[in-house]
Structure formats: C-alpha cells, structure tokens
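Report on one structure; see the data block that follows.
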Amino acid sequence: MTKVARMYHERGARQADIALALNISQAKVSRLLKRAASVGIVRTTVTVAPGVYAELEEQLESRYGLAEAVVVDVDPDADESETIAAVGAGAAAYLEATLSGSDRIGISSWSQTLLAMVERMRPSPSPRATEVVQLLGGIGVPEVQGHSHRLLAELARMLGAAPVYVHAPGIVAGPDIRDSLLEGPGMQDVAERWQRLTMAVMGIGGIEPSDVLAESGNAFATSEREALIGAGAVGDICHRVFRADGSVVRGELDDRIIAIPVDDLLRVPRRVGVAGGPRKLAAIRGAMTGGWVTALVTDLSTAQQLLAD
C-alpha cells in the first residue's frame, strides 16, 4: 500500500503504469489506493489560499440557511467606496463562475455595488444568460438616469443577453398612478417576465438611501423614512421594505412602488444579495433572516459581524 501510494501521489505515476511496474492488475492498484486512504497511510490536506475564507463562508451558510456565501477580502480600514469596489469584484467573479447560459436574470436598478460588479465583468464569448430584466422602476431624474440604464445594458452585453427595461419610475405619487402604469402593455410584459426569472441579483439597501438613489428621485422622503423606521424597518430590496426579522413593512408606501412583487421575488430559485459595509449590516442580516436571499456576496468585516452578533 505504501509503495503504491508513494508512486501515485508523490511521483505522479498513472495507475496503469504502477500496475505494469509492479506486475499487478490496475484494479488492485485502485483497491490499494482506497485502502491506503482508509487506514491513514494517505491523508488529504486542503491548504486555503490567502484571501479565501471558506470556513467563514460555511459558517454563514449554516447560520442563515444560505445555499452559498462569498466573502471578499477587504482591508479593515477601507472606506465605503473601496468596500463597494471589492464586493462588486467578488460578485462579478461569482456570476462568471456560476451562470448556466440559460438563466433569466432580474437585477435591481439603482445599486452602486451592482454597478461596480458590472464594471468588473468580462464579456463572454458565448451567451451566459438569455435575458436581463429590471426588477425596479428605472426612470429617474436626467442627471443620474444613465446609472440605471448603464447597469442593465452593460450586464446584458457582458452576458450576451437581451435587456428588458422598466419604463417607469420606482416610486409614484399614488396607488392609482401605479395601477395605471402596471396595466400598460409594456409593464404587463415585464410582469410576466418577473414570474419566469431563474435568478435575481440584488443590492440590499439600508433605510438611508445611497447617494445615487437619493439623487435619482426614487428614494423615500425623509418623513416617509421616519415612518418606516417607526414601523421597525431596517432595509429594503427593490424598495420592498423589511424589518430585522425579515417581515415585510406593508402600508401606503408599498402601494406606490413599481417593482417586482414580494411573492414573485421570493419564488425566484436563486436570489443573490450583493452588499457590504457597516451601513448595510442590519439590512443584510434582516434580508438573510427573512429568506429574501439564498446567496450573499459581502466583505470580510461584515461577515465577521454577522456571525458575532
């Protein structure tokens, strides 16, 4: 057993060559190698590369019931923009490694982290998805309108997929306006596509909006945020607001949103949350606790705090 194990594992000899050299059958070589492992002559050691946090990822998966967690190495002193860039790069690598080619992907429109992800992706020589659909109204003030369109268009181009836009704002003045827009043929088509998604890639927002969302005209007003906080809100995904336990905050505001309905979102098989940094900690925890996401891409410090609490 030791001789066969050394020839195979240390010298790199093929099983057929070992059999020939020792005048035994290849089947016997295979049996000896298996037995060498079972009795401890051969032991397997996995050396984790620097910057890879496999054990931490497994702990997050176990603690929060995730299918997958990706923890990105970020300097502890990194500012918010550096954290966004690093988490975006991690999300880009995750997507490039896991897409099947037949995925129908939904993506939230106003996320700085998702834009950082798209900017770090490489175009694929063959299609890696069939379509990319906006999950949230994509029309905002002209000064930042390009953010939403660029995010969707660039992701679709990188994946060789067809882009599907939501030609409406994320928040409207009242339920009657929302209902009127949703009844239009364009929105009816988008709503049907929402129900057929195989994957959603989403930023996780805190109650305080990011700069780009605040400037877009699609953010809640200060008085509205105060009311949401009073109702226990800690974060949102596609403007669907939730508490620390992940439960949805319903009410008048929810009736003014043009975005994928909660029930449709939670039926998407793969729901990837992409977020990091201390400002997002409570929102990320609430999203995982409530089952809003099945996978998470985040930074090292955030992952450690999610497990420490």
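Every chain in the structure tokens takes a letter, A first, then B, and so on in the order presented; its residues are numbered from 1, and the ligands are numbered from 1 following the presented order.
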Region 104-167 of chain A near region 235-243 of chain A within 12 Å: what's each residue's closest atom pair and its distance in Å to one decimal, counting only C-alpha atoms, ordered by chain then ascending residue number, as a tab-separated table?
residue	atom	partner	partner_atom	distance
A:Gly106	CA	A:Cys238	CA	10.7
A:Ile107	CA	A:Cys238	CA	9.0
A:Ser108	CA	A:Cys238	CA	6.1
A:Ser109	CA	A:Cys238	CA	8.1
A:Trp110	CA	A:Cys238	CA	8.8
A:Ser111	CA	A:Cys238	CA	9.6
A:Gln134	CA	A:Cys238	CA	9.8
A:Leu135	CA	A:Cys238	CA	6.7
A:Leu136	CA	A:Cys238	CA	5.7
A:Gly137	CA	A:Cys238	CA	8.8
A:Gly138	CA	A:Cys238	CA	10.9
Just the selected residues (C-alpha atoms), exported as a compact mmCIF listing (two decimals), in the first residue's frame, please.
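Now in part.txt:
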# COMPACT_ATOMS: atom_id res chain seq x y z
CA GLY A 106 -33.54 40.02 -12.69
CA ILE A 107 -31.44 42.92 -11.41
CA SER A 108 -32.18 45.93 -9.22
CA SER A 109 -31.57 49.27 -10.91
CA TRP A 110 -30.06 51.77 -8.51
CA SER A 111 -27.30 49.87 -6.70
CA GLN A 134 -35.05 45.23 -14.35
CA LEU A 135 -36.71 44.46 -11.03
CA LEU A 136 -37.45 48.06 -10.08
CA GLY A 137 -38.58 51.17 -11.91
CA GLY A 138 -35.65 52.50 -13.91
Using DSSP assignments from the backbone, pull out every residue in region 11-193 of chain A that falls under helix (DSSP H, G or I) and give it to me as a PyMOL selection string. chain A and resi 15-22+26-38+54-64+80-98+112-119+142-159+175-182+185-193
Report as JSON lines the residues of region 65-97 of chain A within 12 Å of region 148-166 of chain A, each with its shortest atom pair and distance in Å (one decimal), using only C-alpha atoms, ordered by chain and increasing residue number.
{"residue": "A:Ala92", "atom": "CA", "partner": "A:Leu155", "partner_atom": "CA", "distance": 10.0}
{"residue": "A:Leu95", "atom": "CA", "partner": "A:Leu159", "partner_atom": "CA", "distance": 9.7}
{"residue": "A:Glu96", "atom": "CA", "partner": "A:Leu159", "partner_atom": "CA", "distance": 8.8}
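Residues of region 11-179 of chain A carrying a DSSP assignment of strand (DSSP E), computed from the backbone, are Glu68, Ala69, Val70, Val71, Val72, Arg104, Ile105, Gly106, Ile107, Glu131, Val132, Val133, Gln134, Ala162, Pro163 and Val164 of chain A.
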Create the file for the chosen residues now, containing N, CA and C atoms and written as a PDB file, in the first residue's frame.
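Result file follows (result30.pdb):
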ATOM      1  N   GLU A  68     -25.254  29.562  -0.616  1.00  0.00           N
ATOM      2  CA  GLU A  68     -23.860  29.910  -0.859  1.00  0.00           C
ATOM      3  C   GLU A  68     -23.557  31.291  -0.301  1.00  0.00           C
ATOM      4  N   ALA A  69     -22.343  31.432   0.246  1.00  0.00           N
ATOM      5  CA  ALA A  69     -21.845  32.726   0.697  1.00  0.00           C
ATOM      6  C   ALA A  69     -20.471  32.952   0.081  1.00  0.00           C
ATOM      7  N   VAL A  70     -20.215  34.179  -0.322  1.00  0.00           N
ATOM      8  CA  VAL A  70     -18.912  34.564  -0.868  1.00  0.00           C
ATOM      9  C   VAL A  70     -18.396  35.723  -0.030  1.00  0.00           C
ATOM     10  N   VAL A  71     -17.258  35.526   0.634  1.00  0.00           N
ATOM     11  CA  VAL A  71     -16.671  36.554   1.485  1.00  0.00           C
ATOM     12  C   VAL A  71     -15.432  37.112   0.789  1.00  0.00           C
ATOM     13  N   VAL A  72     -15.432  38.416   0.589  1.00  0.00           N
ATOM     14  CA  VAL A  72     -14.371  39.087  -0.159  1.00  0.00           C
ATOM     15  C   VAL A  72     -13.393  39.737   0.814  1.00  0.00           C
ATOM     16  N   ARG A 104     -32.496  33.406 -16.762  1.00  0.00           N
ATOM     17  CA  ARG A 104     -33.244  34.646 -16.960  1.00  0.00           C
ATOM     18  C   ARG A 104     -33.065  35.443 -15.663  1.00  0.00           C
ATOM     19  N   ILE A 105     -32.322  36.523 -15.749  1.00  0.00           N
ATOM     20  CA  ILE A 105     -31.819  37.217 -14.568  1.00  0.00           C
ATOM     21  C   ILE A 105     -32.567  38.518 -14.334  1.00  0.00           C
ATOM     22  N   GLY A 106     -33.000  38.737 -13.106  1.00  0.00           N
ATOM     23  CA  GLY A 106     -33.543  40.019 -12.693  1.00  0.00           C
ATOM     24  C   GLY A 106     -32.481  40.790 -11.926  1.00  0.00           C
ATOM     25  N   ILE A 107     -32.454  42.111 -12.102  1.00  0.00           N
ATOM     26  CA  ILE A 107     -31.441  42.921 -11.410  1.00  0.00           C
ATOM     27  C   ILE A 107     -32.055  44.235 -10.943  1.00  0.00           C
ATOM     28  N   GLU A 131     -31.818  36.602 -20.870  1.00  0.00           N
ATOM     29  CA  GLU A 131     -32.300  37.972 -20.732  1.00  0.00           C
ATOM     30  C   GLU A 131     -31.978  38.511 -19.348  1.00  0.00           C
ATOM     31  N   VAL A 132     -31.893  39.836 -19.288  1.00  0.00           N
ATOM     32  CA  VAL A 132     -31.669  40.540 -18.024  1.00  0.00           C
ATOM     33  C   VAL A 132     -32.806  41.537 -17.861  1.00  0.00           C
ATOM     34  N   VAL A 133     -33.560  41.406 -16.766  1.00  0.00           N
ATOM     35  CA  VAL A 133     -34.794  42.169 -16.574  1.00  0.00           C
ATOM     36  C   VAL A 133     -34.657  43.077 -15.355  1.00  0.00           C
ATOM     37  N   GLN A 134     -35.034  44.338 -15.506  1.00  0.00           N
ATOM     38  CA  GLN A 134     -35.052  45.230 -14.354  1.00  0.00           C
ATOM     39  C   GLN A 134     -36.119  44.786 -13.360  1.00  0.00           C
ATOM     40  N   ALA A 162     -30.516  39.552 -23.718  1.00  0.00           N
ATOM     41  CA  ALA A 162     -31.396  40.640 -24.137  1.00  0.00           C
ATOM     42  C   ALA A 162     -31.782  41.481 -22.917  1.00  0.00           C
ATOM     43  N   PRO A 163     -31.650  42.820 -22.992  1.00  0.00           N
ATOM     44  CA  PRO A 163     -32.070  43.666 -21.867  1.00  0.00           C
ATOM     45  C   PRO A 163     -33.571  43.943 -21.903  1.00  0.00           C
ATOM     46  N   VAL A 164     -34.192  43.939 -20.729  1.00  0.00           N
ATOM     47  CA  VAL A 164     -35.623  44.251 -20.612  1.00  0.00           C
ATOM     48  C   VAL A 164     -35.766  45.356 -19.570  1.00  0.00           C
TER      49      VAL A 164
END
Rank A:Tyr94, A:Ser216, A:Glu57, A:Glu82 by their smallest atom-to-atom distance to His147 (chain A), using only C-alpha atoms, and report the top residue only.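 Between A:Tyr94, A:Ser216, A:Glu57, A:Glu82, the residue approaching His147 (chain A) most closely is A:Ser216.
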Just give me the gap between CA of Glu183 (chain A) and CA of Met202 (chain A) in Å, one decimal is fine.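 Between CA of Glu183 (chain A) and CA of Met202 (chain A) the gap works out to 25.0 Å.
Distance check against Gly273 (chain A) using only C-alpha atoms: of A:Ala227, A:Ala191, A:Val87, A:Leu253, the minimum falls on A:Val87.
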Restricting the calculation to only C-alpha atoms, which member of A:Ala67, A:Ala36, A:Leu22, A:Ile257 is positioned closest to Met288 (chain A)?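 For Met288 (chain A), the nearest of the given residues is A:Ala67.
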Which residue gives the smallest distance to Gly230 (chain A) among A:Ser100, A:His9, A:Val249, A:Gly140, with only C-alpha atoms counted?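 Among the listed residues, A:Val249 lies closest to Gly230 (chain A).
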A:Gly170, A:Gly51, A:Gly246, A:Pro125: which is nearest Gly286 (chain A), counting only C-alpha atoms?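 Checking each of A:Gly170, A:Gly51, A:Gly246, A:Pro125 against Gly286 (chain A), counting only C-alpha atoms, the winner is A:Gly246.
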So, counting only C-alpha atoms, which residue among A:Val52, A:Val234, A:Ala244, A:Ile207 is closest to Thr222 (chain A)? A:Ile207
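What separates CA of Pro261 (chain A) from CA of Glu61 (chain A) is a distance of 25.9 Å.
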Please build the interface table for region 13-98 of chain A against region 303-308 of chain A with a cut-off of 8 Å, listing for each qualifying residue the nearest atom pair and the distance in Å to one decimal; count only C-alpha atoms, order rows by chain and increasing number, and write it as JSON lines.
{"residue": "A:Leu56", "atom": "CA", "partner": "A:Ala303", "partner_atom": "CA", "distance": 7.5}
{"residue": "A:Gln59", "atom": "CA", "partner": "A:Leu307", "partner_atom": "CA", "distance": 7.7}
{"residue": "A:Leu60", "atom": "CA", "partner": "A:Leu307", "partner_atom": "CA", "distance": 6.9}
{"residue": "A:Arg63", "atom": "CA", "partner": "A:Leu307", "partner_atom": "CA", "distance": 7.7}
{"residue": "A:Val71", "atom": "CA", "partner": "A:Ala303", "partner_atom": "CA", "distance": 6.9}
